[in-house]
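Chemist: For reference, the structure I am asking about is given below.
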Amino acid sequence: MIRSVIAAYGRLLDILLAASVLILVFPVTLQIFSRFTALIPSYIWTEEMARFLFVWTIMIGAMVGVRDSAHFEVDLWPAGGKRAAAAARLIGRLGVLAMAVLFIVAGIEFTQFAWNRISELAELPLWLIHVAWPATGATWLIFLGPQLRDDLIELFGSRS
């Protein structure tokens, strides 16, 4: 049940990632054409919108990366079997766990700092961009839970 909910959330993130990249093309294209032609007026809000979308695209991509365990890996030890691989993955996932907690704790403070502020050009609430950090950390925790469990079962064996 929990894994199916997590999988559905992962599919939603895939859709949001694709949508954010597609939407990002629009303001960036407007910026480019407004610089080189007089036919399109210079839109200042497009730069700010592109920045907001770019941050969210990166953060959603990081969420998907943790879900897929797609962060880069460095092989330090020779291949040692399933248990050794599970131990190595567990160490890496604990590092991601530490970063997730940091993103949540510092991200909440970061979001609170921006809570009553607005962006200069588009006058959007800045918390909309700052909340990406704690949301990313929380999503990492959601995806790490089953991954850590699987690695622990691989390492120590199932007790059920």
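For the structure tokens, the naming scheme is as follows: chains receive sequential letters (A, B, ...) according to their order of presentation, residues are indexed from 1 within each chain, and ligands are indexed from 1 in presentation order.
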Mind listing the helix (DSSP H, G or I) residues of segment 1-149 of chain A, per DSSP on the backbone, as a ChimeraX atom specification?
Modeler: /A:2-36,45-67,82-114,127-130,132-149
Chemist: Deliver the residues from the most recent selection as a file, using C-alpha atoms, as an mmCIF file, in the first residue's frame.
Modeler:
data_model
loop_
_atom_site.group_PDB
_atom_site.id
_atom_site.type_symbol
_atom_site.label_atom_id
_atom_site.label_comp_id
_atom_site.auth_asym_id
_atom_site.auth_seq_id
_atom_site.Cartn_x
_atom_site.Cartn_y
_atom_site.Cartn_z
ATOM 1 C CA ILE A 2 2.683 2.501 1.038
ATOM 2 C CA ARG A 3 4.896 1.618 -1.909
ATOM 3 C CA SER A 4 2.002 2.175 -4.326
ATOM 4 C CA VAL A 5 1.353 5.636 -2.842
ATOM 5 C CA ILE A 6 5.059 6.447 -3.099
ATOM 6 C CA ALA A 7 5.085 5.183 -6.701
ATOM 7 C CA ALA A 8 2.069 7.373 -7.539
ATOM 8 C CA TYR A 9 3.843 10.370 -5.980
ATOM 9 C CA GLY A 10 6.892 9.517 -8.079
ATOM 10 C CA ARG A 11 4.790 9.483 -11.252
ATOM 11 C CA LEU A 12 3.336 12.878 -10.278
ATOM 12 C CA LEU A 13 6.884 14.215 -9.882
ATOM 13 C CA ASP A 14 7.762 12.881 -13.351
ATOM 14 C CA ILE A 15 4.812 14.803 -14.799
ATOM 15 C CA LEU A 16 5.701 17.974 -12.853
ATOM 16 C CA LEU A 17 9.326 17.741 -13.983
ATOM 17 C CA ALA A 18 8.342 17.447 -17.640
ATOM 18 C CA ALA A 19 5.801 20.265 -17.283
ATOM 19 C CA SER A 20 8.285 22.587 -15.568
ATOM 20 C CA VAL A 21 10.843 22.054 -18.338
ATOM 21 C CA LEU A 22 8.209 22.698 -21.007
ATOM 22 C CA ILE A 23 6.921 25.813 -19.248
ATOM 23 C CA LEU A 24 10.497 27.043 -18.701
ATOM 24 C CA VAL A 25 10.972 27.168 -22.465
ATOM 25 C CA PHE A 26 8.321 29.906 -22.804
ATOM 26 C CA PRO A 27 9.826 32.727 -20.681
ATOM 27 C CA VAL A 28 13.364 31.931 -21.823
ATOM 28 C CA THR A 29 12.282 32.058 -25.470
ATOM 29 C CA LEU A 30 10.554 35.395 -24.876
ATOM 30 C CA GLN A 31 13.718 36.742 -23.265
ATOM 31 C CA ILE A 32 15.863 35.698 -26.206
ATOM 32 C CA PHE A 33 13.558 37.121 -28.866
ATOM 33 C CA SER A 34 12.994 40.377 -26.963
ATOM 34 C CA ARG A 35 16.752 40.986 -26.876
ATOM 35 C CA PHE A 36 17.272 40.601 -30.612
ATOM 36 C CA TRP A 45 8.961 39.378 -15.626
ATOM 37 C CA THR A 46 10.219 36.548 -17.816
ATOM 38 C CA GLU A 47 13.642 36.566 -16.140
ATOM 39 C CA GLU A 48 12.111 36.184 -12.705
ATOM 40 C CA MET A 49 9.670 33.528 -13.841
ATOM 41 C CA ALA A 50 12.485 31.597 -15.510
ATOM 42 C CA ARG A 51 14.495 31.728 -12.276
ATOM 43 C CA PHE A 52 11.564 30.434 -10.203
ATOM 44 C CA LEU A 53 10.896 27.635 -12.675
ATOM 45 C CA PHE A 54 14.576 26.756 -12.909
ATOM 46 C CA VAL A 55 14.877 26.339 -9.138
ATOM 47 C CA TRP A 56 11.774 24.141 -9.012
ATOM 48 C CA THR A 57 12.963 22.122 -12.012
ATOM 49 C CA ILE A 58 16.274 21.436 -10.269
ATOM 50 C CA MET A 59 14.597 20.508 -7.002
ATOM 51 C CA ILE A 60 12.039 18.204 -8.636
ATOM 52 C CA GLY A 61 14.885 16.643 -10.609
ATOM 53 C CA ALA A 62 16.752 16.060 -7.333
ATOM 54 C CA MET A 63 13.643 14.415 -5.880
ATOM 55 C CA VAL A 64 13.382 12.100 -8.889
ATOM 56 C CA GLY A 65 17.116 11.429 -8.713
ATOM 57 C CA VAL A 66 16.873 10.187 -5.133
ATOM 58 C CA ARG A 67 13.815 8.094 -6.020
ATOM 59 C CA LYS A 82 25.055 -8.546 -2.363
ATOM 60 C CA ARG A 83 25.642 -7.782 1.303
ATOM 61 C CA ALA A 84 28.673 -5.598 0.589
ATOM 62 C CA ALA A 85 26.721 -3.737 -2.095
ATOM 63 C CA ALA A 86 23.823 -3.247 0.345
ATOM 64 C CA ALA A 87 26.249 -1.890 2.970
ATOM 65 C CA ALA A 88 27.762 0.542 0.468
ATOM 66 C CA ARG A 89 24.299 1.694 -0.657
ATOM 67 C CA LEU A 90 23.274 2.092 2.977
ATOM 68 C CA ILE A 91 26.236 4.383 3.670
ATOM 69 C CA GLY A 92 25.345 6.496 0.646
ATOM 70 C CA ARG A 93 21.682 6.635 1.608
ATOM 71 C CA LEU A 94 22.624 7.744 5.137
ATOM 72 C CA GLY A 95 24.494 10.657 3.549
ATOM 73 C CA VAL A 96 21.382 11.532 1.548
ATOM 74 C CA LEU A 97 19.357 11.205 4.761
ATOM 75 C CA ALA A 98 21.632 13.720 6.481
ATOM 76 C CA MET A 99 21.200 16.133 3.572
ATOM 77 C CA ALA A 100 17.415 15.621 3.658
ATOM 78 C CA VAL A 101 17.292 16.575 7.331
ATOM 79 C CA LEU A 102 19.496 19.602 6.612
ATOM 80 C CA PHE A 103 17.233 20.653 3.709
ATOM 81 C CA ILE A 104 14.169 20.369 5.945
ATOM 82 C CA VAL A 105 15.561 22.174 8.980
ATOM 83 C CA ALA A 106 17.391 24.941 7.113
ATOM 84 C CA GLY A 107 14.671 25.060 4.450
ATOM 85 C CA ILE A 108 11.964 25.801 6.992
ATOM 86 C CA GLU A 109 14.025 28.691 8.329
ATOM 87 C CA PHE A 110 14.730 29.815 4.754
ATOM 88 C CA THR A 111 11.007 29.737 3.946
ATOM 89 C CA GLN A 112 10.065 31.603 7.122
ATOM 90 C CA PHE A 113 12.568 34.318 6.175
ATOM 91 C CA ALA A 114 10.743 34.806 2.866
ATOM 92 C CA TRP A 127 8.002 31.631 -0.088
ATOM 93 C CA LEU A 128 6.812 29.917 -3.302
ATOM 94 C CA ILE A 129 10.437 29.506 -4.331
ATOM 95 C CA HIS A 130 11.946 29.019 -0.861
ATOM 96 C CA ALA A 132 11.263 24.056 -2.595
ATOM 97 C CA TRP A 133 14.080 23.243 -0.133
ATOM 98 C CA PRO A 134 12.025 21.710 2.697
ATOM 99 C CA ALA A 135 9.731 20.051 0.133
ATOM 100 C CA THR A 136 12.767 18.438 -1.479
ATOM 101 C CA GLY A 137 14.098 17.229 1.871
ATOM 102 C CA ALA A 138 10.718 15.794 2.855
ATOM 103 C CA THR A 139 10.405 14.046 -0.497
ATOM 104 C CA TRP A 140 13.883 12.569 -0.091
ATOM 105 C CA LEU A 141 12.765 11.123 3.263
ATOM 106 C CA ILE A 142 9.672 9.612 1.630
ATOM 107 C CA PHE A 143 11.768 7.890 -1.030
ATOM 108 C CA LEU A 144 14.578 6.907 1.336
ATOM 109 C CA GLY A 145 12.326 5.018 3.741
ATOM 110 C CA PRO A 146 11.687 1.950 1.556
ATOM 111 C CA GLN A 147 15.208 2.095 0.120
ATOM 112 C CA LEU A 148 16.782 2.007 3.587
ATOM 113 C CA ARG A 149 14.453 -0.820 4.613
#
Chemist: If I take atom CA of Asp68 of chain A and atom CA of Leu126 of chain A, how far is one from the other in Å, to one decimal?
Modeler: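 These two atoms are separated by 29.6 Å.
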